[in-house]
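Trainee: First the structure, then my questions, so here it is.
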Amino acid sequence: MTENNSDLQAVEKLNQAYTKITGEIAKVIVGQNKVIEQLLIALLSSGHCLLVGVPGLAKTLLISTLANVLDLKFNRIQFTPDLMPSDITGTEIIEEDRSVGTRSFRFVKGPVFANVILADEINRTPPKTQAALLQAMQEHEVTAAGQTYKLDEPFFVLATQNPIEQEGTYPLPEAQLDRFMFNIYVDYPSDTEEQTIVRTTTVMPDYSLDKILGSKEITALQQLIRRVPVSDHLIGYAVDIVRATRPDHDGALDFIKNWVSWGAGPRASQYLILAAKTRAILDGRPTPGPDDVRFATLPVLRHRIVTSFNAEADGVDTTTIVGKLLESVKEKGKS
C-alpha cells in the first residue's frame, strides 16, 4: 500500500478495531452484519447513507449503538411535514444584556451539530427542509444570517425512508439522492434471528458497551483511506460498470436501453473506488480488488439508476438491473 510503516500499522489496528466494533454492536443488534459493514464503510469513506426498511427493524437502535461504540455525538431528527430548515440547522435569538441595556443576536445551534445524524423518515418533510440537511451533508457547514459555522468532524448522515407508506411523503429527487453514498436495504431477520431478538428484548437488558474508536481516530482513518493506492485496472473496471448504466452511451447494453431512462454519474465511480478501498482496509488488506468493487456496486448504484416505463411494465427494479450489469460487464482482459 505504502512504504509508510505507520499507515501499515493503522491498517492492522483498524482491522482489529472492526472486529471489536462488530462484537460490541452484536450485544444489542441481532444479525444485520452486512448492514453494519456498509455503514462503517460509508462512515470511513466520508459518505452518507440512506436506509430503506419497514418499521420495527431496529434502524434507529442500530445507528445510536454505532455512534455509542464509536464515542461520537448522536442526534436524531424526526422529519415531519411542519419541520422548518431552522429546526435542523439552528436559529438566531435576540439576547438582552441588562447590564448595559443592549440587545444582540445569538445563534443557537440546531441538532445538525453532531457527528452522527439520524434523519428519520426524511421523505416526510418538504423539499425546502430536506435541502437544509443536504447542504450540510455536502459542505459540512451551515450558513445563518451571513455567518458560516463549521460542523464537527467526522460528520455522518443516515436518513431513513419507509418503503410502504407513501401517502403524505415528499420523495427525494434524483439529484438529492445522488448525495448519498449508499442506499442500504434493511431486510427482515431470519427465523432464528427473530427468535433471538424476541428472547433478548423481552427481558431486562444486561450489557454494557465499550467505546472502541473516537472522533479524532476516525478522522485520521478517513485520511488513511484516501492514501490507499488503487490500480488503474480497477479504476477502469469501476468506470466501465458506471458508464454501462447509461442508455445513451455508445455500445449500451440492450437491457439498459430498454429499462433505464437515466444512468449514474461520475460520483458513482468515485464512491465505488472509495468503498472498495475501505472494505479492503477493514479486512486488513493493503489494496482493494475487483470483489470489493462488486460488493459496493448494488448499494452505490441502486438509487442512481432511473428506470423507464418499460422496466415498470416488466416488473423490473434497479436491484435486478444491477445484477444483470455485474454479469455483463467484465474486467478488461477477462472474458
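Residue numbering restarts at 1 in every chain; chains get A, B, ... in the order shown in the C-alpha cells, and ligands count up from 1 in that same order.
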Listing only residues of region 52-76 of chain A within 8 Å of region 192-216 of chain A, what is the closest atom pair and its distance in Å (to one decimal) for each, using only C-alpha atoms, sorted by chain and residue number ascending, as a Markdown table?

Mentor:
| residue | atom | partner | partner_atom | distance |
| --- | --- | --- | --- | --- |
| A:Asn68 | CA | A:Lys211 | CA | 6.9 |
| A:Val69 | CA | A:Lys211 | CA | 4.6 |
| A:Leu70 | CA | A:Leu213 | CA | 4.8 |
| A:Asp71 | CA | A:Gly214 | CA | 5.3 |
| A:Leu72 | CA | A:Ser215 | CA | 6.2 |

Trainee: May I have a table of the residues of region 154-183 of chain A lying at most 10 Å from region 97-114 of chain A, giving each one's closest pair of atoms and their distance in Å to one decimal, counting only C-alpha atoms, ordered by chain and ascending residue number, as a Markdown table?

Mentor:
| residue | atom | partner | partner_atom | distance |
| --- | --- | --- | --- | --- |
| A:Pro154 | CA | A:Ala114 | CA | 8.8 |
| A:Phe155 | CA | A:Ala114 | CA | 7.1 |
| A:Phe156 | CA | A:Ala114 | CA | 8.7 |
| A:Val157 | CA | A:Val112 | CA | 9.1 |

Trainee: Restricting it to C-alpha atoms, dump the selection as an mmCIF file, in the first residue's frame.

Mentor:
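And here's part_28.cif as it stands now:
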data_model
loop_
_atom_site.group_PDB
_atom_site.id
_atom_site.type_symbol
_atom_site.label_atom_id
_atom_site.label_comp_id
_atom_site.auth_asym_id
_atom_site.auth_seq_id
_atom_site.Cartn_x
_atom_site.Cartn_y
_atom_site.Cartn_z
ATOM 1 C CA PRO A 154 -16.491 13.330 11.340
ATOM 2 C CA PHE A 155 -19.962 14.246 10.055
ATOM 3 C CA PHE A 156 -22.126 11.313 9.056
ATOM 4 C CA VAL A 157 -25.800 11.472 7.999
#

Trainee: Please report, as CSV, each residue of region 277-300 of chain A lying at most 12 Å from region 28-34 of chain A, together with the nearest pair of atoms and the separation in Å rounded to one decimal; use only C-alpha atoms, and order rows by chain and ascending residue number.

Mentor:
residue,atom,partner,partner_atom,distance
A:Arg279,CA,A:Lys34,CA,11.6
A:Phe295,CA,A:Lys34,CA,10.3
A:Ala296,CA,A:Lys34,CA,11.3
A:Pro299,CA,A:Lys34,CA,11.1

Trainee: Which is closest to Gly251 (chain A) among A:Val306, A:Val329, A:Ile117, A:Val300, if we use only C-alpha atoms?

Mentor: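 Closest to Gly251 (chain A) of all the choices is A:Val329.
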
Trainee: Nearest to Ile256 (chain A): which of A:Leu274, A:Leu224, A:Leu298, A:Val322 is it, counting only C-alpha atoms?

Mentor: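 Among the listed residues, A:Val322 lies closest to Ile256 (chain A).
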
Trainee: Using only C-alpha atoms, find each residue in region 20-52 of chain A having at least one atom no more than 12 Å away from region 137-153 of chain A; report its shortest atom-to-atom pair and that distance in Å (one decimal), rows by chain then rising number, as a tab-separated table.

Mentor:
residue	atom	partner	partner_atom	distance
A:Leu43	CA	A:Glu153	CA	11.0
A:Leu44	CA	A:Glu153	CA	11.6
A:Ser46	CA	A:Glu153	CA	9.7
A:Gly47	CA	A:Met137	CA	8.7
A:His48	CA	A:Met137	CA	7.7
A:Cys49	CA	A:Met137	CA	10.7

Trainee: Would you give me, as a PDB file with C-alpha atoms, in the first residue's frame, the residues in region 113-332 of chain A that DSSP reads as alpha helix (DSSP H)?

Mentor:
ATOM      1  CA  PRO A 127     -38.049  19.843  -0.207  1.00  0.00           C
ATOM      2  CA  LYS A 128     -37.046  23.169   1.423  1.00  0.00           C
ATOM      3  CA  THR A 129     -36.312  21.422   4.707  1.00  0.00           C
ATOM      4  CA  GLN A 130     -34.689  18.428   3.001  1.00  0.00           C
ATOM      5  CA  ALA A 131     -32.350  20.867   1.224  1.00  0.00           C
ATOM      6  CA  ALA A 132     -31.149  22.347   4.546  1.00  0.00           C
ATOM      7  CA  LEU A 133     -29.797  18.964   5.585  1.00  0.00           C
ATOM      8  CA  LEU A 134     -28.400  18.154   2.138  1.00  0.00           C
ATOM      9  CA  GLN A 135     -26.362  21.393   2.112  1.00  0.00           C
ATOM     10  CA  ALA A 136     -24.827  20.432   5.441  1.00  0.00           C
ATOM     11  CA  MET A 137     -24.030  16.966   4.032  1.00  0.00           C
ATOM     12  CA  GLN A 138     -22.226  18.398   1.021  1.00  0.00           C
ATOM     13  CA  GLU A 139     -20.406  21.364   2.557  1.00  0.00           C
ATOM     14  CA  GLU A 174     -32.711  12.021  -8.001  1.00  0.00           C
ATOM     15  CA  ALA A 175     -30.194  14.903  -7.751  1.00  0.00           C
ATOM     16  CA  GLN A 176     -30.512  14.828  -3.956  1.00  0.00           C
ATOM     17  CA  LEU A 177     -30.432  11.043  -3.759  1.00  0.00           C
ATOM     18  CA  ASP A 191     -36.354 -17.108  11.688  1.00  0.00           C
ATOM     19  CA  THR A 192     -33.539 -17.914  14.147  1.00  0.00           C
ATOM     20  CA  GLU A 193     -32.544 -14.238  14.437  1.00  0.00           C
ATOM     21  CA  GLU A 194     -36.138 -13.187  15.104  1.00  0.00           C
ATOM     22  CA  GLN A 195     -36.460 -15.739  17.905  1.00  0.00           C
ATOM     23  CA  THR A 196     -33.214 -14.411  19.430  1.00  0.00           C
ATOM     24  CA  ILE A 197     -34.494 -10.820  19.131  1.00  0.00           C
ATOM     25  CA  VAL A 198     -37.729 -11.659  20.953  1.00  0.00           C
ATOM     26  CA  ARG A 199     -35.895 -13.672  23.625  1.00  0.00           C
ATOM     27  CA  THR A 200     -33.317 -10.939  24.379  1.00  0.00           C
ATOM     28  CA  THR A 201     -35.540  -7.855  24.148  1.00  0.00           C
ATOM     29  CA  SER A 215     -13.705  11.150  16.542  1.00  0.00           C
ATOM     30  CA  LYS A 216     -10.004  12.003  16.083  1.00  0.00           C
ATOM     31  CA  GLU A 217      -9.132   8.386  15.255  1.00  0.00           C
ATOM     32  CA  ILE A 218     -11.996   8.141  12.751  1.00  0.00           C
ATOM     33  CA  THR A 219     -10.930  11.399  11.048  1.00  0.00           C
ATOM     34  CA  ALA A 220      -7.366  10.042  10.791  1.00  0.00           C
ATOM     35  CA  LEU A 221      -8.693   6.779   9.314  1.00  0.00           C
ATOM     36  CA  GLN A 222     -10.748   8.724   6.743  1.00  0.00           C
ATOM     37  CA  GLN A 223      -7.492  10.368   5.635  1.00  0.00           C
ATOM     38  CA  LEU A 224      -5.774   6.971   5.582  1.00  0.00           C
ATOM     39  CA  ILE A 225      -8.434   5.633   3.164  1.00  0.00           C
ATOM     40  CA  ARG A 226      -7.572   8.430   0.716  1.00  0.00           C
ATOM     41  CA  ARG A 227      -3.918   7.324   0.733  1.00  0.00           C
ATOM     42  CA  ASP A 232      -5.611   1.825 -12.997  1.00  0.00           C
ATOM     43  CA  HIS A 233      -7.090  -1.550 -13.971  1.00  0.00           C
ATOM     44  CA  LEU A 234      -9.520  -1.413 -11.009  1.00  0.00           C
ATOM     45  CA  ILE A 235     -10.436   2.214 -11.673  1.00  0.00           C
ATOM     46  CA  GLY A 236     -11.167   1.254 -15.287  1.00  0.00           C
ATOM     47  CA  TYR A 237     -13.407  -1.601 -14.108  1.00  0.00           C
ATOM     48  CA  ALA A 238     -15.388   0.694 -11.779  1.00  0.00           C
ATOM     49  CA  VAL A 239     -15.802   3.333 -14.506  1.00  0.00           C
ATOM     50  CA  ASP A 240     -16.884   0.668 -17.022  1.00  0.00           C
ATOM     51  CA  ILE A 241     -19.639  -0.522 -14.654  1.00  0.00           C
ATOM     52  CA  VAL A 242     -20.950   3.003 -14.101  1.00  0.00           C
ATOM     53  CA  ARG A 243     -20.765   4.016 -17.775  1.00  0.00           C
ATOM     54  CA  ASP A 254     -29.892  -3.815 -24.826  1.00  0.00           C
ATOM     55  CA  PHE A 255     -31.489  -4.286 -21.399  1.00  0.00           C
ATOM     56  CA  ILE A 256     -30.104  -0.901 -20.294  1.00  0.00           C
ATOM     57  CA  LYS A 257     -31.622   0.807 -23.353  1.00  0.00           C
ATOM     58  CA  ASN A 258     -34.932  -0.919 -22.623  1.00  0.00           C
ATOM     59  CA  TRP A 259     -35.170  -0.478 -18.834  1.00  0.00           C
ATOM     60  CA  PRO A 266     -19.197  10.164 -12.098  1.00  0.00           C
ATOM     61  CA  ARG A 267     -19.901  10.406  -8.356  1.00  0.00           C
ATOM     62  CA  ALA A 268     -20.901   6.725  -8.504  1.00  0.00           C
ATOM     63  CA  SER A 269     -17.443   5.765  -9.860  1.00  0.00           C
ATOM     64  CA  GLN A 270     -15.767   7.748  -7.071  1.00  0.00           C
ATOM     65  CA  TYR A 271     -17.857   6.022  -4.403  1.00  0.00           C
ATOM     66  CA  LEU A 272     -17.200   2.565  -5.895  1.00  0.00           C
ATOM     67  CA  ILE A 273     -13.451   3.097  -5.528  1.00  0.00           C
ATOM     68  CA  LEU A 274     -13.706   4.677  -2.059  1.00  0.00           C
ATOM     69  CA  ALA A 275     -15.913   1.825  -0.854  1.00  0.00           C
ATOM     70  CA  ALA A 276     -13.538  -0.766  -2.348  1.00  0.00           C
ATOM     71  CA  LYS A 277     -10.569   0.861  -0.584  1.00  0.00           C
ATOM     72  CA  THR A 278     -12.385   0.952   2.760  1.00  0.00           C
ATOM     73  CA  ARG A 279     -13.623  -2.623   2.554  1.00  0.00           C
ATOM     74  CA  ALA A 280     -10.089  -3.833   1.843  1.00  0.00           C
ATOM     75  CA  ILE A 281      -8.675  -1.888   4.805  1.00  0.00           C
ATOM     76  CA  LEU A 282     -11.413  -3.155   7.153  1.00  0.00           C
ATOM     77  CA  PRO A 290     -12.454  -6.486  -8.126  1.00  0.00           C
ATOM     78  CA  ASP A 291     -14.550  -8.283  -5.478  1.00  0.00           C
ATOM     79  CA  ASP A 292     -14.532  -5.109  -3.373  1.00  0.00           C
ATOM     80  CA  VAL A 293     -15.888  -3.096  -6.320  1.00  0.00           C
ATOM     81  CA  ARG A 294     -18.572  -5.721  -6.968  1.00  0.00           C
ATOM     82  CA  PHE A 295     -19.566  -5.685  -3.276  1.00  0.00           C
ATOM     83  CA  ALA A 296     -20.175  -1.914  -3.431  1.00  0.00           C
ATOM     84  CA  THR A 297     -21.965  -1.865  -6.795  1.00  0.00           C
ATOM     85  CA  LEU A 298     -25.523  -2.537  -5.578  1.00  0.00           C
ATOM     86  CA  PRO A 299     -25.653  -0.038  -2.661  1.00  0.00           C
ATOM     87  CA  VAL A 300     -23.889   2.615  -4.786  1.00  0.00           C
ATOM     88  CA  LEU A 301     -25.999   2.233  -7.943  1.00  0.00           C
ATOM     89  CA  PHE A 309     -41.776   2.805 -18.090  1.00  0.00           C
ATOM     90  CA  ASN A 310     -40.741  -0.462 -19.784  1.00  0.00           C
ATOM     91  CA  ALA A 311     -38.995  -1.605 -16.588  1.00  0.00           C
ATOM     92  CA  GLU A 312     -42.099  -0.814 -14.565  1.00  0.00           C
ATOM     93  CA  ALA A 313     -44.277  -2.698 -17.042  1.00  0.00           C
ATOM     94  CA  ASP A 314     -41.916  -5.692 -16.902  1.00  0.00           C
ATOM     95  CA  THR A 318     -32.884  -1.402 -10.043  1.00  0.00           C
ATOM     96  CA  THR A 319     -31.646  -4.371  -7.988  1.00  0.00           C
ATOM     97  CA  THR A 320     -32.361  -6.684 -10.951  1.00  0.00           C
ATOM     98  CA  ILE A 321     -30.696  -4.262 -13.374  1.00  0.00           C
ATOM     99  CA  VAL A 322     -27.526  -4.012 -11.245  1.00  0.00           C
ATOM    100  CA  GLY A 323     -27.386  -7.829 -11.011  1.00  0.00           C
ATOM    101  CA  LYS A 324     -27.529  -8.175 -14.806  1.00  0.00           C
ATOM    102  CA  LEU A 325     -24.969  -5.386 -15.139  1.00  0.00           C
ATOM    103  CA  LEU A 326     -22.424  -7.226 -12.969  1.00  0.00           C
ATOM    104  CA  GLU A 327     -22.911 -10.359 -15.108  1.00  0.00           C
ATOM    105  CA  SER A 328     -22.466  -8.383 -18.352  1.00  0.00           C
TER     106      SER A 328
END

Trainee: Go through A:Ile305, A:Ala26, A:Leu118, A:Ile93 one by one, measure the shortest atom-to-atom distance of each to Asn75 (chain A) using only C-alpha atoms, and give the residue with the smallest value.

Mentor: A:Leu118

Trainee: Would you compute the distance between CA of Ser86 (chain A) and CA of Ala119 (chain A)? Give it in Å to one decimal.

Mentor: 14.6 Å

Trainee: What separation in Å, quoted to one decimal, exists between CA of Gly23 (chain A) and CA of Asn162 (chain A)?

Mentor: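 Separation between CA of Gly23 (chain A) and CA of Asn162 (chain A): 28.0 Å.
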